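Dropping protein-v4.cif in here (mmCIF, C-alpha atoms):
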```cif
data_run
loop_
_atom_site.label_atom_id
_atom_site.label_comp_id
_atom_site.auth_asym_id
_atom_site.auth_seq_id
_atom_site.Cartn_x
_atom_site.Cartn_y
_atom_site.Cartn_z
CA MET A 80 -27.52 19.17 -27.79
CA MET A 81 -25.34 16.34 -29.10
CA GLN A 82 -26.17 13.91 -26.30
CA LEU A 83 -29.86 14.90 -26.37
CA ASN A 84 -30.09 14.28 -30.10
CA ALA A 85 -28.24 10.97 -29.76
CA GLY A 86 -30.59 9.78 -27.00
CA VAL A 87 -33.72 10.86 -28.88
CA THR A 88 -32.52 9.10 -32.04
CA VAL A 89 -31.99 5.83 -30.16
CA GLN A 90 -35.43 6.14 -28.58
CA ILE A 91 -37.13 6.76 -31.93
CA LEU A 92 -35.37 3.78 -33.51
CA SER A 93 -36.34 1.48 -30.63
CA ASP A 94 -39.97 2.69 -30.78
CA ILE A 95 -40.33 2.13 -34.53
CA PHE A 96 -38.15 -0.92 -35.18
CA SER A 97 -37.54 -4.21 -33.42
CA VAL A 98 -34.03 -3.35 -32.25
CA ARG A 99 -32.09 -6.32 -30.87
CA GLY A 100 -28.88 -4.45 -30.15
CA ILE A 101 -26.98 -1.20 -30.70
CA VAL A 102 -23.35 -0.99 -31.82
CA HIS A 103 -22.31 2.64 -31.43
CA TYR A 104 -19.11 3.94 -33.02
CA GLY A 105 -17.46 7.29 -33.62
CA THR A 106 -14.47 9.44 -32.73
CA THR A 107 -13.27 10.55 -29.32
CA GLY A 108 -10.70 12.66 -27.56
CA SER A 109 -8.13 10.92 -25.36
CA ALA A 110 -7.68 12.01 -21.75
CA ASN A 111 -5.20 9.18 -21.11
CA ASP A 112 -1.58 9.64 -22.15
CA SER A 113 -1.32 5.91 -22.89
CA MET A 114 -3.79 6.31 -25.78
CA SER A 115 -2.95 8.18 -28.96
CA PHE A 116 -4.23 8.97 -32.45
CA GLY A 117 -5.94 6.13 -34.28
CA ASP A 118 -6.33 3.91 -31.20
CA VAL A 119 -9.78 2.40 -30.64
CA SER A 120 -11.30 2.28 -27.16
CA ILE A 121 -13.98 -0.21 -26.19
CA PRO A 122 -14.91 1.15 -22.76
CA LYS A 123 -16.56 -0.93 -20.08
CA TYR A 124 -18.11 2.09 -18.36
CA VAL A 125 -19.30 5.50 -19.49
CA ALA A 126 -20.66 8.46 -17.53
CA PHE A 127 -22.17 11.90 -18.04
CA THR A 128 -19.56 14.38 -16.82
CA GLY A 129 -21.42 17.44 -18.01
CA SER A 130 -24.13 17.29 -15.32
CA TRP A 131 -23.16 19.71 -12.57
CA THR A 132 -24.65 21.35 -9.51
CA TRP A 133 -23.22 24.79 -8.73
CA THR A 134 -22.16 25.31 -5.13
CA ILE A 135 -22.33 28.53 -3.14
CA ALA A 136 -19.38 30.92 -3.25
CA ILE A 137 -17.93 29.78 0.10
CA VAL A 138 -17.88 26.02 0.57
CA ASN A 139 -16.29 24.23 3.47
CA LEU A 140 -16.29 20.58 4.42
CA VAL A 141 -19.52 20.83 6.42
CA SER A 142 -21.50 22.73 3.79
CA LEU A 143 -20.36 20.30 1.08
CA MET A 144 -21.68 17.38 3.13
CA VAL A 145 -25.00 19.22 3.60
CA LEU A 146 -25.17 19.88 -0.14
CA SER A 147 -24.41 16.26 -0.93
CA MET A 148 -27.11 15.10 1.50
CA ASN A 149 -29.68 17.56 0.13
CA LEU A 150 -29.06 16.35 -3.40
CA ASN A 151 -29.82 12.79 -2.36
CA ASN A 152 -32.83 13.05 -0.06
CA GLY A 153 -30.84 13.30 3.15
CA TRP A 154 -28.46 10.40 2.46
CA PRO A 155 -24.80 11.25 1.82
CA ARG A 156 -23.49 10.04 -1.50
CA TRP A 157 -20.27 10.53 -3.41
CA PHE A 158 -19.64 11.11 -7.09
CA GLY A 159 -16.40 9.40 -8.11
CA PRO A 160 -16.41 5.60 -7.71
CA SER A 161 -13.40 3.48 -8.54
CA VAL A 162 -13.73 0.62 -11.01
CA SER A 163 -13.32 -1.93 -8.19
CA GLU A 164 -16.50 -0.63 -6.59
CA LEU A 165 -18.60 -0.87 -9.73
CA ASP A 166 -21.15 -3.65 -9.74
CA GLY A 167 -23.74 -4.67 -12.33
CA GLN A 168 -25.30 -2.24 -14.77
CA SER A 169 -25.02 0.84 -12.55
CA MET A 170 -23.09 2.27 -9.64
CA LYS A 171 -24.73 4.10 -6.73
CA PHE A 172 -22.76 6.66 -4.75
CA ASP A 173 -23.36 5.40 -1.21
CA SER A 174 -20.28 5.84 0.93
CA GLU A 175 -19.60 6.65 4.54
CA THR A 176 -16.07 7.86 3.97
CA LYS A 177 -15.86 9.72 0.65
CA MET A 178 -17.14 13.11 -0.43
CA ALA A 179 -18.56 14.39 -3.68
CA ASN A 180 -16.11 15.03 -6.53
CA MET A 181 -15.92 18.79 -6.93
CA LEU A 182 -14.28 21.06 -9.48
CA SER A 183 -13.10 24.33 -7.91
CA PHE A 184 -12.52 27.05 -10.50
CA ALA A 185 -10.27 28.99 -8.12
CA ALA A 186 -7.71 26.20 -8.43
CA TYR A 187 -7.29 27.11 -12.10
CA ASN A 188 -6.95 30.88 -11.75
CA ALA A 189 -4.07 32.33 -13.78
CA PRO A 190 -1.35 33.19 -13.09
CA ALA A 191 -1.90 31.80 -9.56
CA GLU A 192 -4.62 30.12 -7.51
CA GLY A 193 -7.00 32.45 -5.70
CA LYS A 194 -10.62 33.37 -5.11
CA ASN A 195 -13.07 33.00 -7.98
CA LEU A 196 -16.71 34.08 -7.99
CA LEU A 197 -17.58 31.08 -10.15
CA SER A 198 -16.95 29.04 -7.00
CA SER A 199 -17.21 25.31 -7.87
CA VAL A 200 -19.41 22.55 -9.24
CA VAL A 201 -20.33 19.11 -7.92
CA PHE A 202 -20.77 16.31 -10.47
CA LYS A 203 -24.25 14.79 -10.46
CA SER A 204 -25.71 11.34 -10.92
CA GLU A 205 -28.39 10.60 -13.52
CA ASP A 206 -31.91 9.22 -13.08
CA LEU A 207 -32.20 5.87 -14.86
CA PHE A 208 -35.64 4.58 -15.77
CA VAL A 209 -35.82 0.95 -16.88
CA ASP A 210 -39.04 -0.78 -17.94
CA GLY A 211 -40.58 -2.63 -15.01
CA LYS A 212 -38.11 -1.28 -12.44
CA PRO A 213 -38.15 1.69 -10.05
CA MET A 214 -36.10 4.75 -10.93
CA ASP A 215 -32.45 4.45 -9.95
CA GLN A 216 -29.66 7.02 -9.59
CA VAL A 217 -26.48 6.07 -11.43
CA PHE A 218 -23.19 7.62 -12.46
CA TRP A 219 -21.29 4.91 -14.32
CA LEU A 220 -23.22 3.04 -17.02
CA GLN A 221 -21.88 -0.39 -17.92
CA MET A 222 -21.79 -2.00 -21.36
CA GLU A 223 -23.73 -5.21 -21.95
CA SER A 224 -21.51 -7.79 -20.26
CA GLN A 225 -21.84 -10.61 -22.83
CA TRP A 226 -21.14 -8.25 -25.71
CA TYR A 227 -18.16 -6.74 -23.93
CA GLU A 228 -16.62 -10.18 -23.35
CA ILE A 229 -17.08 -11.01 -27.03
CA ALA A 230 -15.50 -7.69 -28.06
CA LYS A 231 -12.41 -8.48 -25.99
CA GLN A 232 -11.71 -11.36 -28.38
CA LEU A 233 -11.50 -9.09 -31.44
CA LYS A 234 -8.37 -9.21 -33.56
CA VAL A 235 -8.56 -6.26 -35.92
CA GLU A 236 -5.73 -4.80 -37.98
CA LEU A 237 -6.26 -1.09 -37.53
CA GLN A 238 -5.28 1.37 -40.22
CA ARG A 239 -2.07 3.34 -39.69
CA CYS A 240 -2.12 5.55 -42.79
CA ALA A 241 -4.83 7.95 -43.89
CA ASN A 242 -3.29 8.14 -47.37
CA GLU A 243 0.06 7.59 -49.10
CA SER A 244 1.58 10.70 -47.54
CA PHE A 245 0.11 10.71 -44.04
CA CYS A 246 0.86 7.86 -41.63
CA LEU A 247 0.94 7.58 -37.87
CA PRO A 248 4.39 7.02 -36.33
CA ASP A 249 3.17 3.87 -34.53
CA ASP A 250 0.61 1.18 -35.20
CA PRO A 251 -2.73 2.03 -33.51
CA LYS A 252 -4.11 -0.41 -30.97
CA MET A 253 -7.42 -1.54 -29.47
CA VAL A 254 -7.88 -0.81 -25.76
CA PHE A 255 -10.47 -2.53 -23.57
CA GLY A 256 -12.01 -1.90 -20.17
CA LEU A 257 -11.35 1.80 -19.70
CA LYS A 258 -13.81 4.47 -18.62
CA ALA A 259 -15.35 7.01 -20.99
CA SER A 260 -17.15 10.28 -20.40
CA THR A 261 -19.80 12.24 -22.27
CA ALA A 262 -20.68 15.93 -22.09
CA ASP A 263 -22.26 18.58 -24.32
CA VAL A 264 -18.90 20.25 -24.86
CA PHE A 265 -15.96 19.57 -27.14
CA ILE A 266 -13.04 19.31 -24.73
CA ASP A 267 -9.90 21.08 -25.91
CA ASN A 268 -8.36 22.02 -22.58
CA ALA A 269 -5.31 20.31 -21.09
CA ALA A 270 -6.15 21.22 -17.49
CA TYR A 271 -9.72 19.89 -17.65
CA ARG A 272 -8.51 16.80 -19.51
CA GLN A 273 -6.10 16.10 -16.65
CA PHE A 274 -8.82 16.77 -14.06
CA LEU A 275 -11.16 14.18 -15.62
CA PHE A 276 -8.39 11.60 -15.72
CA ASN A 277 -7.23 12.25 -12.15
CA GLU A 278 -10.67 12.47 -10.52
CA PHE A 279 -12.64 9.87 -12.46
CA GLY A 280 -10.06 7.76 -14.29
CA VAL A 281 -11.64 8.83 -17.57
CA SER A 282 -9.61 7.82 -20.62
CA THR A 283 -11.80 9.15 -23.46
CA VAL A 284 -14.20 12.07 -23.87
CA ASP A 285 -17.03 12.41 -26.38
CA GLN A 286 -20.49 13.97 -26.81
CA GLU A 287 -22.85 11.03 -27.38
CA SER A 288 -21.84 7.66 -25.89
CA ALA A 289 -23.48 7.96 -22.45
CA ALA A 290 -26.75 9.13 -23.99
CA VAL A 291 -26.80 6.17 -26.39
CA VAL A 292 -25.96 3.70 -23.62
CA GLN A 293 -28.46 5.07 -21.10
CA THR A 294 -31.33 5.16 -23.61
CA ALA A 295 -30.56 1.60 -24.71
CA MET A 296 -30.41 0.40 -21.11
CA ALA A 297 -33.78 2.02 -20.37
CA SER A 298 -35.32 -0.07 -23.15
CA GLY A 299 -33.46 -3.26 -22.22
CA ILE A 300 -31.42 -3.21 -25.46
CA PRO A 301 -27.83 -4.57 -25.46
CA VAL A 302 -25.30 -1.86 -26.33
CA ILE A 303 -21.57 -1.47 -26.85
CA VAL A 304 -19.33 1.46 -27.84
CA PHE A 305 -16.33 1.69 -30.19
CA ARG A 306 -14.49 5.03 -30.26
CA GLY A 307 -11.44 5.97 -32.33
CA VAL A 308 -9.07 8.60 -30.96
CA SER A 309 -9.03 11.67 -33.22
CA ASP A 310 -7.50 14.19 -30.80
CA LEU A 311 -5.98 14.43 -27.34
CA ALA A 312 -8.61 16.78 -25.86
CA GLY A 313 -6.14 19.63 -25.55
CA GLY A 314 -3.19 17.46 -24.58
CA GLU A 315 -1.44 17.54 -27.95
CA ALA A 316 1.38 20.06 -28.03
CA THR A 317 2.30 20.16 -31.70
CA TRP A 318 1.09 17.35 -33.93
CA SER A 319 -2.40 17.57 -35.42
CA SER A 320 -4.04 17.00 -38.79
CA SER A 321 -7.48 16.96 -40.36
CA PHE A 322 -6.67 13.40 -41.48
CA LEU A 323 -6.67 12.18 -37.87
CA GLY A 324 -10.46 12.39 -37.58
CA ASP A 325 -10.92 10.31 -40.73
CA LEU A 326 -8.41 7.71 -39.56
CA ALA A 327 -10.00 7.47 -36.11
CA CYS A 328 -13.47 6.98 -37.59
CA ILE A 329 -12.22 4.35 -40.06
CA ASN A 330 -10.57 2.34 -37.28
CA ALA A 331 -13.62 2.55 -35.01
CA LEU A 332 -15.82 1.41 -37.91
CA LYS A 333 -13.50 -1.51 -38.75
CA ALA A 334 -13.68 -2.74 -35.16
CA ALA A 335 -17.47 -2.30 -35.01
CA VAL A 336 -18.01 -4.16 -38.30
CA GLU A 337 -15.83 -7.05 -37.16
CA PHE A 338 -17.79 -7.22 -33.90
CA ILE A 339 -21.12 -7.29 -35.76
CA GLY A 340 -19.73 -10.09 -37.90
CA ILE A 341 -18.97 -12.15 -34.79
CA LEU A 342 -22.49 -11.59 -33.48
CA GLY A 343 -23.87 -12.78 -36.80
CA ARG A 344 -21.70 -15.87 -36.98
CA ARG A 345 -22.69 -16.82 -33.45
CA LYS A 346 -26.34 -16.05 -34.25
CA ILE A 347 -26.53 -13.89 -31.13
CA LEU A 348 -28.86 -11.44 -32.86
CA SER A 349 -31.05 -14.09 -34.47
CA SER A 350 -34.78 -13.88 -33.83
CA SER A 351 -35.98 -16.27 -31.15
#
```

Would you write out, as structure tokens, the structure that this file holds?
Amino acid sequence: MMQLNAGVTVQILSDIFSVRGIVHYGTTGSANDSMSFGDVSIPKYVAFTGSWTWTIAIVNLVSLMVLSMNLNNGWPRWFGPSVSELDGQSMKFDSETKMANMLSFAAYNAPAEGKNLLSSVVFKSEDLFVDGKPMDQVFWLQMESQWYEIAKQLKVELQRCANESFCLPDDPKMVFGLKASTADVFIDNAAYRQFLFNEFGVSTVDQESAAVVQTAMASGIPVIVFRGVSDLAGGEATWSSSFLGDLACINALKAAVEFIGILGRRKILSSS
């Protein structure tokens, strides 16, 4: 429900007000070991990774190709593009050589791999409707390019301490150009965290960003995302604190406010 509510809220705001841009901020889990607590990610791409199609119990290479073709009106597509293949505001899955990204539950049986009646799921694309354009199928949604380039120039001193007694061991940093994912689940599972990073190159996981970005894109509204790392999505072994969420949100807000200030000084959001 989180992504649905986020998308509906953006749509209501754009219907009622004259919205010239959306700066979305919040907390996120990190699926990338190079990012830690308090860091702020400004992703270039975000995708829904909670949209699945269940496969039949026995899937081989041929049946997976048939499934992939059936899902896309007879044309084979794949579901895990690399950043180098991304182009423009969306990424289609046309490929003659790659198959759909699939999560097989049997691979995660404990204590050893084996058969599993849950079978597997194939990650799906999303239907994108933009005013004045035909419907398109996309997986990766791209931030507004001009805004993203401006954000890369930010110099923000992020907060290291939540209070006098709780400080991070290292100074948090801002990270640009990574890929984010959105799903209607709070991810607290080390194996799934590693799967998302290995299969899609996802560095952060949250529950709203893709919905905000897709709804803004549909209305032609510039959008950018700032997310502070509050947890490691199941990857943290020992260290955790309720202060981490506050610190992550503060740092994301500081970066977002500084970005809005730049837009204002450059009169990018001024009425024409």

Range 290-348 of chain A near range 226-231 of chain A within 10 Å: what's each residue's closest atom pair and its distance in Å to one decimal, counting only C-alpha atoms, ordered by chain then ascending residue number, as CSV?
```
residue,atom,partner,partner_atom,distance
A:Pro301,CA,A:Trp226,CA,7.6
A:Val302,CA,A:Trp226,CA,7.6
A:Ile303,CA,A:Trp226,CA,6.9
A:Val304,CA,A:Tyr227,CA,9.2
A:Phe305,CA,A:Ala230,CA,9.7
A:Ala334,CA,A:Ala230,CA,8.8
A:Ala335,CA,A:Ala230,CA,9.0
A:Glu337,CA,A:Ala230,CA,9.1
A:Phe338,CA,A:Ala230,CA,6.3
A:Ile339,CA,A:Ala230,CA,9.5
A:Ile341,CA,A:Ile229,CA,8.1
A:Leu342,CA,A:Ile229,CA,8.4
A:Ile347,CA,A:Trp226,CA,9.5
```

Next on the checklist: So, with only C-alpha atoms as the atoms that count, which of A:Ile266, A:Val284, A:Leu233, A:Val201 lies closest to Phe184 in chain A?
Outcome noted: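 Looking only at the distances to Phe184 in chain A, the closest residue turns out to be A:Val201.
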
Quick one: which residues end up in the PyMOL selection byres ((chain A and resi 281) around 9) for this structure, as a PDB file with C-alpha atoms, in the coordinates of the input?
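Below you can see out_32.pdb, which holds the result:
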```
ATOM      1  CA  SER A 109      -8.130  10.920 -25.360  1.00  0.00           C
ATOM      2  CA  ALA A 110      -7.680  12.010 -21.750  1.00  0.00           C
ATOM      3  CA  ASN A 111      -5.200   9.180 -21.110  1.00  0.00           C
ATOM      4  CA  VAL A 125     -19.300   5.500 -19.490  1.00  0.00           C
ATOM      5  CA  LEU A 257     -11.350   1.800 -19.700  1.00  0.00           C
ATOM      6  CA  LYS A 258     -13.810   4.470 -18.620  1.00  0.00           C
ATOM      7  CA  ALA A 259     -15.350   7.010 -20.990  1.00  0.00           C
ATOM      8  CA  SER A 260     -17.150  10.280 -20.400  1.00  0.00           C
ATOM      9  CA  ARG A 272      -8.510  16.800 -19.510  1.00  0.00           C
ATOM     10  CA  LEU A 275     -11.160  14.180 -15.620  1.00  0.00           C
ATOM     11  CA  PHE A 276      -8.390  11.600 -15.720  1.00  0.00           C
ATOM     12  CA  ASN A 277      -7.230  12.250 -12.150  1.00  0.00           C
ATOM     13  CA  GLU A 278     -10.670  12.470 -10.520  1.00  0.00           C
ATOM     14  CA  PHE A 279     -12.640   9.870 -12.460  1.00  0.00           C
ATOM     15  CA  GLY A 280     -10.060   7.760 -14.290  1.00  0.00           C
ATOM     16  CA  SER A 282      -9.610   7.820 -20.620  1.00  0.00           C
ATOM     17  CA  THR A 283     -11.800   9.150 -23.460  1.00  0.00           C
ATOM     18  CA  VAL A 284     -14.200  12.070 -23.870  1.00  0.00           C
TER      19      VAL A 284
END
```

Next on the checklist: Taking the file as I've supplied it (selection: the PyMOL selection byres ((chain A and resi 194) around 12)), which residues are included? Please answer as a VMD selection string.
Outcome noted: chain A and resid 136 to 138 183 to 189 191 to 193 195 to 199

Item to check | Residue members of the PyMOL selection byres ((chain A and resi 89-93) around 10) in the file shown, as a PyMOL selection string | outcome: chain A and resi 84-88+94-101+290-295+297-298+300

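One finds CA of Tyr124 in chain A at 5.4 Å from CA of Leu220 in chain A.
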
Item to check | Radius query 12 Å about (-24.6, 14.3, -13.6), atoms used: all atoms listed in the file, as a PyMOL selection string | outcome: chain A and resi 125-133+150+157-159+172+179-181+200-207+216-220+260-263+289-290

Checklist entry - Between A:Tyr104, A:Phe255, A:Phe208, A:Tyr271, which one has atoms that come closest to Leu311 in chain A, using all atoms listed in the file? => result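 Looking at the shortest contact to Leu311 in chain A, the residue is A:Tyr271.
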
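Closest to Phe322 in chain A among A:Leu247, A:Ile121, A:Val102, A:Leu237 is A:Leu247, based on all atoms listed in the file.
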
Checklist entry - Quick one, how far is CA of Met222 in chain A from CA of Arg344 in chain A? => result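 Value for the CA of Met222 in chain A-CA of Arg344 in chain A distance: 20.9 Å.
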
Report, as lines of an AutoDock Vina configuration file, the centre and edge lengths in Å (one decimal) of the axis-aligned box enclosing every listed atom of range 241-244 of chain A, padded by 3 Å on each side.
```
center_x = -1.6
center_y = 9.1
center_z = -46.5
size_x = 12.4
size_y = 9.1
size_z = 11.2
```

Item to check | Top pick for closest residue to Pro248 in chain A, considering A:Gly108, A:Lys123, A:Met81, A:Ser115 and counting all atoms listed in the file | outcome: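 Smallest separation from Pro248 in chain A among the options: A:Ser115.
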
Checklist outcome for this item: Separating CA of Gln221 in chain A from CA of Arg239 in chain A, to the nearest tenth of an Å, is a gap of 29.7 Å

Item to check | Using only C-alpha atoms: which of A:Gly340, A:Pro213, A:Gly314, A:Gly324 has the shortest distance to Asp112 in chain A | outcome: A:Gly314

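Counting all atoms listed in the file and comparing A:Asp267, A:Asp250, A:Asp210, A:Asp118, the residue that lies closest to Ala312 in chain A is A:Asp267.
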